[in-house]
Protein chains: 2
Amino acid sequence: MYTLKQLEAFYWSATLGSFNASSNRLHTTQSAIAKRVGELESFAGMPLFERQARRLLLTQQGHKLLVMAREMLELNQRIVQSIGDPSSLEGVVRLGVTELVGLTWLATLIDEISRRYPNVQLMPEIDGGLTLYERLQRDELDLAFMPGPFWSYEYDSTPLGSVRNVWMASPDIDIESGRELTPHDLAPYPVISQPPNSALSHIYDAWFAEQGMSVKRVFTCNNLGVTAQLTALGMGISYLPDAYFSPVVARGVLRRLDVKPDLPPIHYYSVCKKSFVTPLLSTLVDVACEVARFDIPGGTSRRQGGTPSEASP
Amino acid sequence: MYTLKQLEAFYWSATLGSFNASSNRLHTTQSAIAKRVGELESFAGMPLFERQARRLLLTQQGHKLLVMAREMLELNQRIVQSIGDPSSLEGVVRLGVTELVGLTWLATLIDEISRRYPNVQLMPEIDGGLTLYERLQRDELDLAFMPGPFWSYEYDSTPLGSVRNVWMASPDIDIESGRELTPHDLAPYPVISQPPNSALSHIYDAWFAEQGMSVKRVFTCNNLGVTAQLTALGMGISYLPDAYFSPVVARGVLRRLDVKPDLPPIHYYSVCKKSFVTPLLSTLVDVACEVARFDIPGGTSRRQGGTPSEASP
DNA sequence: ACAACTTACGTTACCCGTAACGATT
DNA sequence: AATCGTTACGGGTAACGTAAGTTGT
């Protein structure tokens, strides 16, 4: 007999056109996929794929099976959703997040997931928003939490909340305080901004251009803590998430600059390929919506979140 | 995740109302069935059966699953029939046959099956037709080849051919030969007949009564060879399959009695429960129809069928 | 006492991942 | 050289059957 796993391997290999892509999709190795398909073929007694140089082509039998395999896997989904215990959810999720998410609520999410679904394993990676998007495209990630929107129609996205960024400077810097500033007032100061692979810089650069605002960049720094540190030391000004750094502001280490117009808020989304949506991913997104808070550092269990440090780790 | 095997175990347990019956149906042990169902329940996170004293009762979740399980197993059948290689058929079949089948074409069948479907294992048992029927009812057999018809609507049957029985006697016995005999002429002679669990005796006894014919039984013998032997030795007369024993008649060891009216022909059928019909069983029945011959001893490979012996083994 | 399900345990067999290889562009 | 599919091998786990235990009639 054949198994559901073999059918699944066959289905995704046929859909994605290669064993390699299929193995990424199913979180396993090419070897395993090839073996499952091979077993299915030996059950069928004939090849289901024509192994061409660069791609797989379905044989006639393969086409017949593909239709029924899809049907079967859909029925399978219905069964899982109908009688499957949520707590028996299992699987691996490669999750991409931006640094801000990592600093605020990622730990809360991990805690929550491992508590509710002990058999789900998250593999989080921190990277810039644009890099995350590229990795989603290459099927190297299953899900990403990042600013947007700027993805194409083949992605599913769910809003997670908004982040207000404000201009920050060292309290020692000689910018007139107590009055409202204009972008023009910022022009003389060097700006410490996000690296090019950041979605934030992508969005804000466009906005700056729109405003006719020219920014002088001295650094692009890929670490928020370091950026805050450099800003506090007076190396330049920077735009930083307001809520997360408000304790630092309260301690007088950083100073908000009251610049008008305000920087536009950054909208965070949970993003994944539509074809990747599974019960597991949907559940994960639901939990993410619950716990997403961009103000205080999270993690409910062990290290009860401290206040953000102005020093880099 | 769950597996098709678990679903199958659940389905048949629900249908047949017990793990025991299910284990017979699926050719495995209660232990294995209970475990598969248990795994399915732990996947569902709740019981699917209420274990009552004498029977299983479906829970609410169980009912929901049963519908989808049936659907899934039907789809599974379609897939198997569509792309499954016939030569990859596998499984165990408990096969009941009468002695005559065992003496004539059973060996041919086994040869043919093991040649075409090396992964199919036949477990033949020789017994009287009525016993075979009872064992079918108790799910102790999957399929039987026996005379009929006398089974109920819940059985599937396929004709396999007919057998002509004739009255036989020792050449030495003082029955007038050369003229046509009547049943009345047989009355004085003891009859060696089939045991009560034989379908043959069942059918013929009814016919004898219908004909107003009284037979004096001395022996009932459950072995055809021995019956022939005893008949040849003049212990009595008997009705024996004409074709199979014609070589013995040719050698002058037995003598046909030309009694009118002829004994009615016996129709053989392949019989199984309708709910047991699977691709495997259907195929097996097809092959049986091909090879069923009640005249010569069969078996194509090793012992090239010899002529029937008049001595018991 | 019997019939049914459950549990425990040792064995088996299968499935997977690593890694080396071959073929194609 | 890079990418993809295949093959070989070793390790781990899960599924099985035997058999003893338990529970109800």
# chains A, B, ... in the order shown; residues from 1 in each chain; ligands from 1
>>> interface_residues(of="chain C", to="chain A", cutoff="12 Å", atoms="only C-alpha atoms (C1' of nucleotides)", output="list in words")
DC15, DC16, DG17, DT18, DA19, DA23, DT24 and DT25 of chain C
>>> write_last_selection(atoms="N, CA and C atoms (P, O5', C5', C4', C3', O3' and C1' of nucleotides)", output="compact mmCIF listing (two decimals), in the first residue's frame")
# COMPACT_ATOMS: atom_id res chain seq x y z
P DC C 15 8.08 2.86 4.93
O5' DC C 15 8.42 4.32 5.46
C5' DC C 15 8.26 4.63 6.84
C4' DC C 15 9.36 5.56 7.29
C3' DC C 15 9.88 6.47 6.18
O3' DC C 15 9.68 7.82 6.54
C1' DC C 15 11.67 5.50 7.39
P DC C 16 10.02 8.98 5.53
O5' DC C 16 11.23 9.76 6.21
C5' DC C 16 11.25 9.91 7.62
C4' DC C 16 12.68 10.08 8.08
C3' DC C 16 13.47 11.09 7.26
O3' DC C 16 13.77 12.23 8.02
C1' DC C 16 14.73 9.08 7.66
P DG C 17 14.25 13.56 7.31
O5' DG C 17 15.84 13.58 7.50
C5' DG C 17 16.37 13.50 8.81
C4' DG C 17 17.87 13.26 8.76
C3' DG C 17 18.63 14.24 7.87
O3' DG C 17 19.80 14.67 8.55
C1' DG C 17 19.06 12.00 7.17
P DT C 18 20.82 15.71 7.89
O5' DT C 18 22.12 14.85 7.55
C5' DT C 18 22.64 13.96 8.53
C4' DT C 18 23.81 13.19 7.93
C3' DT C 18 24.77 14.03 7.08
O3' DT C 18 26.11 13.78 7.48
C1' DT C 18 24.01 12.13 5.86
P DA C 19 27.31 14.63 6.85
O5' DA C 19 27.72 13.75 5.59
C5' DA C 19 27.87 12.34 5.74
C4' DA C 19 28.12 11.70 4.39
C3' DA C 19 28.95 12.56 3.41
O3' DA C 19 29.93 11.75 2.80
C1' DA C 19 27.01 11.82 2.36
P DA C 23 26.76 9.23 -15.27
O5' DA C 23 25.71 10.36 -15.66
C5' DA C 23 24.35 10.20 -15.26
C4' DA C 23 23.61 11.51 -15.44
C3' DA C 23 23.95 12.24 -16.74
O3' DA C 23 22.74 12.61 -17.39
C1' DA C 23 24.20 13.70 -14.89
P DT C 24 22.79 13.05 -18.89
O5' DT C 24 22.40 14.59 -18.83
C5' DT C 24 21.27 15.00 -18.04
C4' DT C 24 21.34 16.49 -17.76
C3' DT C 24 21.72 17.35 -18.97
O3' DT C 24 20.70 18.30 -19.19
C1' DT C 24 22.93 18.01 -17.05
P DT C 25 20.69 19.16 -20.52
O5' DT C 25 21.16 20.61 -20.04
C5' DT C 25 20.36 21.31 -19.10
C4' DT C 25 21.09 22.57 -18.61
C3' DT C 25 21.62 23.46 -19.74
O3' DT C 25 21.28 24.81 -19.47
C1' DT C 25 23.35 22.98 -18.22
>>> residues_around(residues="C:DA20", least_positions_apart="4", cutoff="12 Å", atoms="only C-alpha atoms (C1' of nucleotides)", output="PyMOL selection string")
chain D and resi 6-9
>>> select_by_dssp(residues="stretch 43-262 of chain A", states="strand (DSSP E)", output="PyMOL selection string")
chain A and resi 49-51+56-58+91-97+120-126+143-148+155-163+165-169+190-193+216-220+238-241+255-257
>>> residues_around(residues="B:Lys273", least_positions_apart="6", cutoff="10 Å", atoms="only C-alpha atoms (C1' of nucleotides)", output="MDAnalysis selection string")
chainID B and resid 136:137 139 141:144 152:157
>>> write_last_selection(atoms="N, CA and C atoms", output="mmCIF file, in the first residue's frame")
data_model
loop_
_atom_site.group_PDB
_atom_site.id
_atom_site.type_symbol
_atom_site.label_atom_id
_atom_site.label_comp_id
_atom_site.auth_asym_id
_atom_site.auth_seq_id
_atom_site.Cartn_x
_atom_site.Cartn_y
_atom_site.Cartn_z
ATOM 1 N N LEU B 136 -17.798 -18.498 6.699
ATOM 2 C CA LEU B 136 -17.963 -17.202 6.034
ATOM 3 C C LEU B 136 -18.797 -16.276 6.908
ATOM 4 N N GLN B 137 -19.884 -16.838 7.455
ATOM 5 C CA GLN B 137 -20.762 -16.035 8.295
ATOM 6 C C GLN B 137 -20.023 -15.481 9.508
ATOM 7 N N ASP B 139 -17.057 -14.667 9.656
ATOM 8 C CA ASP B 139 -15.909 -13.863 9.206
ATOM 9 C C ASP B 139 -14.587 -14.590 9.418
ATOM 10 N N LEU B 141 -13.571 -16.774 7.210
ATOM 11 C CA LEU B 141 -13.064 -16.946 5.856
ATOM 12 C C LEU B 141 -13.396 -15.692 5.046
ATOM 13 N N ASP B 142 -12.542 -15.403 4.065
ATOM 14 C CA ASP B 142 -12.821 -14.273 3.193
ATOM 15 C C ASP B 142 -13.590 -14.712 1.953
ATOM 16 N N LEU B 143 -13.335 -15.910 1.527
ATOM 17 C CA LEU B 143 -13.860 -16.351 0.231
ATOM 18 C C LEU B 143 -13.980 -17.869 0.262
ATOM 19 N N ALA B 144 -14.999 -18.402 -0.402
ATOM 20 C CA ALA B 144 -15.149 -19.856 -0.465
ATOM 21 C C ALA B 144 -15.582 -20.270 -1.864
ATOM 22 N N SER B 152 -27.605 -16.278 1.596
ATOM 23 C CA SER B 152 -28.555 -15.161 1.703
ATOM 24 C C SER B 152 -28.113 -13.985 0.853
ATOM 25 N N TYR B 153 -28.922 -12.941 0.889
ATOM 26 C CA TYR B 153 -28.716 -11.793 0.010
ATOM 27 C C TYR B 153 -27.431 -11.043 0.294
ATOM 28 N N GLU B 154 -26.866 -11.232 1.488
ATOM 29 C CA GLU B 154 -25.689 -10.427 1.805
ATOM 30 C C GLU B 154 -24.394 -11.026 1.254
ATOM 31 N N TYR B 155 -24.546 -12.017 0.405
ATOM 32 C CA TYR B 155 -23.357 -12.627 -0.179
ATOM 33 C C TYR B 155 -23.276 -12.342 -1.672
ATOM 34 N N ASP B 156 -22.064 -12.220 -2.126
ATOM 35 C CA ASP B 156 -21.775 -12.052 -3.541
ATOM 36 C C ASP B 156 -21.356 -13.410 -4.083
ATOM 37 N N SER B 157 -21.920 -13.828 -5.219
ATOM 38 C CA SER B 157 -21.493 -15.120 -5.748
ATOM 39 C C SER B 157 -21.253 -15.031 -7.244
#
>>> interface_residues(of="chain D", to="chain B", cutoff="10 Å", atoms="only C-alpha atoms (C1' of nucleotides)", output="MDAnalysis selection string")
chainID D and resid 15:18 23:25
>>> closest_residue(among="A:Gly17, A:Gly45, A:Pro118, A:Pro196", to="chain B", atoms="only C-alpha atoms")
A:Gly45
>>> residues_around(residues="stretch 252-264 of chain A", least_positions_apart="3", cutoff="6 Å", atoms="only C-alpha atoms (C1' of nucleotides)", output="count of residues only")
11
>>> closest_atom_pairs(of="chain B", to="chain A", cutoff="8 Å", atoms="only C-alpha atoms", output="JSON lines")
{"residue": "B:Thr3", "atom": "CA", "partner": "A:Leu4", "partner_atom": "CA", "distance": 6.9}
{"residue": "B:Leu4", "atom": "CA", "partner": "A:Thr3", "partner_atom": "CA", "distance": 6.9}
{"residue": "B:Phe43", "atom": "CA", "partner": "A:Gly84", "partner_atom": "CA", "distance": 6.0}
{"residue": "B:Ala44", "atom": "CA", "partner": "A:Gly84", "partner_atom": "CA", "distance": 4.4}
{"residue": "B:Gly45", "atom": "CA", "partner": "A:Asp85", "partner_atom": "CA", "distance": 4.9}
{"residue": "B:Met46", "atom": "CA", "partner": "A:Asp85", "partner_atom": "CA", "distance": 7.8}
{"residue": "B:Gln61", "atom": "CA", "partner": "A:Ile83", "partner_atom": "CA", "distance": 6.7}
{"residue": "B:Lys64", "atom": "CA", "partner": "A:Ile83", "partner_atom": "CA", "distance": 7.9}
{"residue": "B:Leu65", "atom": "CA", "partner": "A:Ile83", "partner_atom": "CA", "distance": 7.0}
{"residue": "B:Met68", "atom": "CA", "partner": "A:Ile79", "partner_atom": "CA", "distance": 6.8}
{"residue": "B:Met72", "atom": "CA", "partner": "A:Leu75", "partner_atom": "CA", "distance": 6.9}
{"residue": "B:Leu75", "atom": "CA", "partner": "A:Met72", "partner_atom": "CA", "distance": 7.0}
{"residue": "B:Asn76", "atom": "CA", "partner": "A:Met72", "partner_atom": "CA", "distance": 7.9}
{"residue": "B:Ile79", "atom": "CA", "partner": "A:Met68", "partner_atom": "CA", "distance": 6.8}
{"residue": "B:Ser82", "atom": "CA", "partner": "A:Leu65", "partner_atom": "CA", "distance": 7.9}
{"residue": "B:Ile83", "atom": "CA", "partner": "A:Ala44", "partner_atom": "CA", "distance": 5.2}
{"residue": "B:Gly84", "atom": "CA", "partner": "A:Ala44", "partner_atom": "CA", "distance": 4.4}
{"residue": "B:Asp85", "atom": "CA", "partner": "A:Ala44", "partner_atom": "CA", "distance": 4.7}
{"residue": "B:Ser87", "atom": "CA", "partner": "A:Gly45", "partner_atom": "CA", "distance": 7.7}
{"residue": "B:Ser88", "atom": "CA", "partner": "A:Phe43", "partner_atom": "CA", "distance": 6.1}
>>> residues_around(residues="A:Thr15", least_positions_apart="6", cutoff="12 Å", atoms="only C-alpha atoms (C1' of nucleotides)", output="PyMOL selection string")
chain A and resi 8-9+21-22+25+49+55-58+62-63+66-67+69-70+275
>>> write_last_selection(atoms="N, CA, C and O atoms", output="CSV table (one decimal), in the first residue's frame")
chain,number,residue,atom,x,y,z
A,8,GLU,N,1.5,13.1,-0.5
A,8,GLU,CA,1.8,14.5,-0.3
A,8,GLU,C,3.1,14.9,-1.0
A,8,GLU,O,3.2,15.9,-1.6
A,9,ALA,N,4.1,14.0,-0.9
A,9,ALA,CA,5.3,14.3,-1.6
A,9,ALA,C,5.1,14.4,-3.1
A,9,ALA,O,5.7,15.2,-3.7
A,21,ALA,N,12.3,21.7,-4.3
A,21,ALA,CA,11.3,22.6,-3.8
A,21,ALA,C,10.3,21.9,-2.9
A,21,ALA,O,10.0,22.4,-1.8
A,22,SER,N,10.0,20.7,-3.3
A,22,SER,CA,9.0,19.9,-2.5
A,22,SER,C,9.6,19.6,-1.1
A,22,SER,O,8.9,19.7,-0.1
A,25,ARG,N,9.3,22.6,1.0
A,25,ARG,CA,7.9,22.9,1.4
A,25,ARG,C,7.5,21.9,2.5
A,25,ARG,O,6.8,22.3,3.4
A,49,PHE,N,6.7,10.4,-13.0
A,49,PHE,CA,7.3,11.6,-13.5
A,49,PHE,C,8.3,11.2,-14.7
A,49,PHE,O,8.9,10.1,-14.6
A,55,ARG,N,13.6,19.8,-14.9
A,55,ARG,CA,12.3,19.8,-14.3
A,55,ARG,C,11.7,18.5,-14.4
A,55,ARG,O,12.1,17.6,-15.2
A,56,LEU,N,10.7,18.3,-13.6
A,56,LEU,CA,9.9,17.1,-13.6
A,56,LEU,C,8.7,17.3,-14.5
A,56,LEU,O,8.0,18.3,-14.5
A,57,LEU,N,8.4,16.2,-15.3
A,57,LEU,CA,7.2,16.3,-16.1
A,57,LEU,C,6.3,15.1,-15.7
A,57,LEU,O,6.8,14.0,-15.6
A,58,LEU,N,5.0,15.4,-15.6
A,58,LEU,CA,4.1,14.3,-15.2
A,58,LEU,C,3.9,13.3,-16.4
A,58,LEU,O,3.7,13.8,-17.5
A,62,GLY,N,0.7,10.0,-14.0
A,62,GLY,CA,0.9,11.0,-13.0
A,62,GLY,C,-0.2,12.0,-13.0
A,62,GLY,O,-0.7,12.5,-12.0
A,63,HIS,N,-0.6,12.4,-14.2
A,63,HIS,CA,-1.8,13.4,-14.3
A,63,HIS,C,-3.0,12.8,-13.6
A,63,HIS,O,-3.7,13.5,-12.9
A,66,LEU,N,-2.6,12.9,-10.0
A,66,LEU,CA,-2.5,14.3,-9.4
A,66,LEU,C,-3.9,14.7,-9.0
A,66,LEU,O,-4.1,15.3,-7.9
A,67,VAL,N,-4.9,14.5,-9.9
A,67,VAL,CA,-6.3,14.9,-9.6
A,67,VAL,C,-6.8,14.3,-8.3
A,67,VAL,O,-7.3,15.0,-7.4
A,69,ALA,N,-5.0,12.8,-6.0
A,69,ALA,CA,-4.2,13.2,-4.8
A,69,ALA,C,-4.6,14.5,-4.2
A,69,ALA,O,-4.7,14.6,-3.0
A,70,ARG,N,-4.9,15.5,-5.1
A,70,ARG,CA,-5.4,16.7,-4.6
A,70,ARG,C,-6.7,16.5,-3.8
A,70,ARG,O,-6.8,17.0,-2.7
A,275,SER,N,0.0,29.6,-1.1
A,275,SER,CA,0.0,28.1,-1.2
A,275,SER,C,0.5,27.4,0.0
A,275,SER,O,0.5,26.2,0.2
>>> decode(residues="stretch 32-44 of chain A", atoms="all heavy atoms", output="compact mmCIF listing (two decimals), in the first residue's frame")
# COMPACT_ATOMS: atom_id res chain seq x y z
N ALA A 32 14.49 12.05 1.05
CA ALA A 32 13.23 11.50 1.56
C ALA A 32 12.12 11.64 0.52
O ALA A 32 11.35 10.70 0.30
CB ALA A 32 12.85 12.20 2.86
N ILE A 33 12.07 12.80 -0.11
CA ILE A 33 11.03 13.02 -1.12
C ILE A 33 11.19 12.05 -2.28
O ILE A 33 10.23 11.40 -2.71
CB ILE A 33 11.09 14.47 -1.64
CG1 ILE A 33 10.78 15.44 -0.51
CG2 ILE A 33 10.11 14.67 -2.79
CD1 ILE A 33 9.38 15.38 0.00
N ALA A 34 12.42 11.94 -2.77
CA ALA A 34 12.66 11.04 -3.90
C ALA A 34 12.26 9.62 -3.54
O ALA A 34 11.69 8.90 -4.35
CB ALA A 34 14.13 11.10 -4.29
N LYS A 35 12.54 9.26 -2.28
CA LYS A 35 12.21 7.89 -1.88
C LYS A 35 10.71 7.70 -1.81
O LYS A 35 10.18 6.68 -2.27
CB LYS A 35 12.88 7.57 -0.54
CG LYS A 35 13.44 6.17 -0.50
CD LYS A 35 14.21 5.94 0.79
CE LYS A 35 15.46 6.79 0.86
NZ LYS A 35 16.25 6.51 2.07
N ARG A 36 10.01 8.68 -1.25
CA ARG A 36 8.55 8.54 -1.16
C ARG A 36 7.94 8.46 -2.55
O ARG A 36 7.08 7.61 -2.81
CB ARG A 36 7.96 9.74 -0.41
CG ARG A 36 8.31 9.75 1.06
CD ARG A 36 7.69 10.92 1.77
NE ARG A 36 8.44 11.27 2.97
CZ ARG A 36 8.20 12.35 3.71
NH1 ARG A 36 7.24 13.18 3.37
NH2 ARG A 36 8.92 12.59 4.79
N VAL A 37 8.38 9.32 -3.43
CA VAL A 37 7.84 9.28 -4.79
C VAL A 37 8.21 7.95 -5.45
O VAL A 37 7.39 7.34 -6.14
CB VAL A 37 8.35 10.47 -5.62
CG1 VAL A 37 7.94 10.32 -7.07
CG2 VAL A 37 7.82 11.78 -5.05
N GLY A 38 9.44 7.53 -5.21
CA GLY A 38 9.87 6.26 -5.78
C GLY A 38 9.01 5.11 -5.32
O GLY A 38 8.63 4.23 -6.10
N GLU A 39 8.68 5.11 -4.04
CA GLU A 39 7.82 4.05 -3.50
C GLU A 39 6.44 4.09 -4.16
O GLU A 39 5.87 3.06 -4.49
CB GLU A 39 7.69 4.21 -1.98
CG GLU A 39 8.93 3.81 -1.21
CD GLU A 39 8.93 4.36 0.20
OE1 GLU A 39 7.93 5.02 0.58
OE2 GLU A 39 9.92 4.18 0.91
N LEU A 40 5.94 5.31 -4.32
CA LEU A 40 4.64 5.45 -4.95
C LEU A 40 4.70 4.92 -6.39
O LEU A 40 3.76 4.27 -6.86
CB LEU A 40 4.23 6.93 -4.94
CG LEU A 40 2.75 7.24 -5.10
CD1 LEU A 40 1.94 6.53 -4.03
CD2 LEU A 40 2.52 8.73 -5.04
N GLU A 41 5.80 5.20 -7.06
CA GLU A 41 5.93 4.74 -8.44
C GLU A 41 6.03 3.21 -8.50
O GLU A 41 5.47 2.58 -9.39
CB GLU A 41 7.16 5.37 -9.08
CG GLU A 41 6.93 6.82 -9.49
CD GLU A 41 8.17 7.48 -10.02
OE1 GLU A 41 9.27 7.20 -9.50
OE2 GLU A 41 8.06 8.29 -10.95
N SER A 42 6.73 2.65 -7.54
CA SER A 42 6.84 1.19 -7.58
C SER A 42 5.50 0.55 -7.20
O SER A 42 5.20 -0.57 -7.60
CB SER A 42 7.96 0.71 -6.67
OG SER A 42 7.51 0.62 -5.34
N PHE A 43 4.71 1.27 -6.43
CA PHE A 43 3.36 0.79 -6.15
C PHE A 43 2.52 0.86 -7.43
O PHE A 43 1.74 -0.05 -7.72
CB PHE A 43 2.71 1.62 -5.05
CG PHE A 43 1.24 1.37 -4.89
CD1 PHE A 43 0.78 0.21 -4.30
CD2 PHE A 43 0.31 2.30 -5.34
CE1 PHE A 43 -0.57 -0.04 -4.16
CE2 PHE A 43 -1.05 2.07 -5.21
CZ PHE A 43 -1.49 0.89 -4.62
N ALA A 44 2.68 1.96 -8.16
CA ALA A 44 1.94 2.12 -9.41
C ALA A 44 2.48 1.19 -10.49
O ALA A 44 1.79 0.90 -11.45
CB ALA A 44 2.00 3.56 -9.89
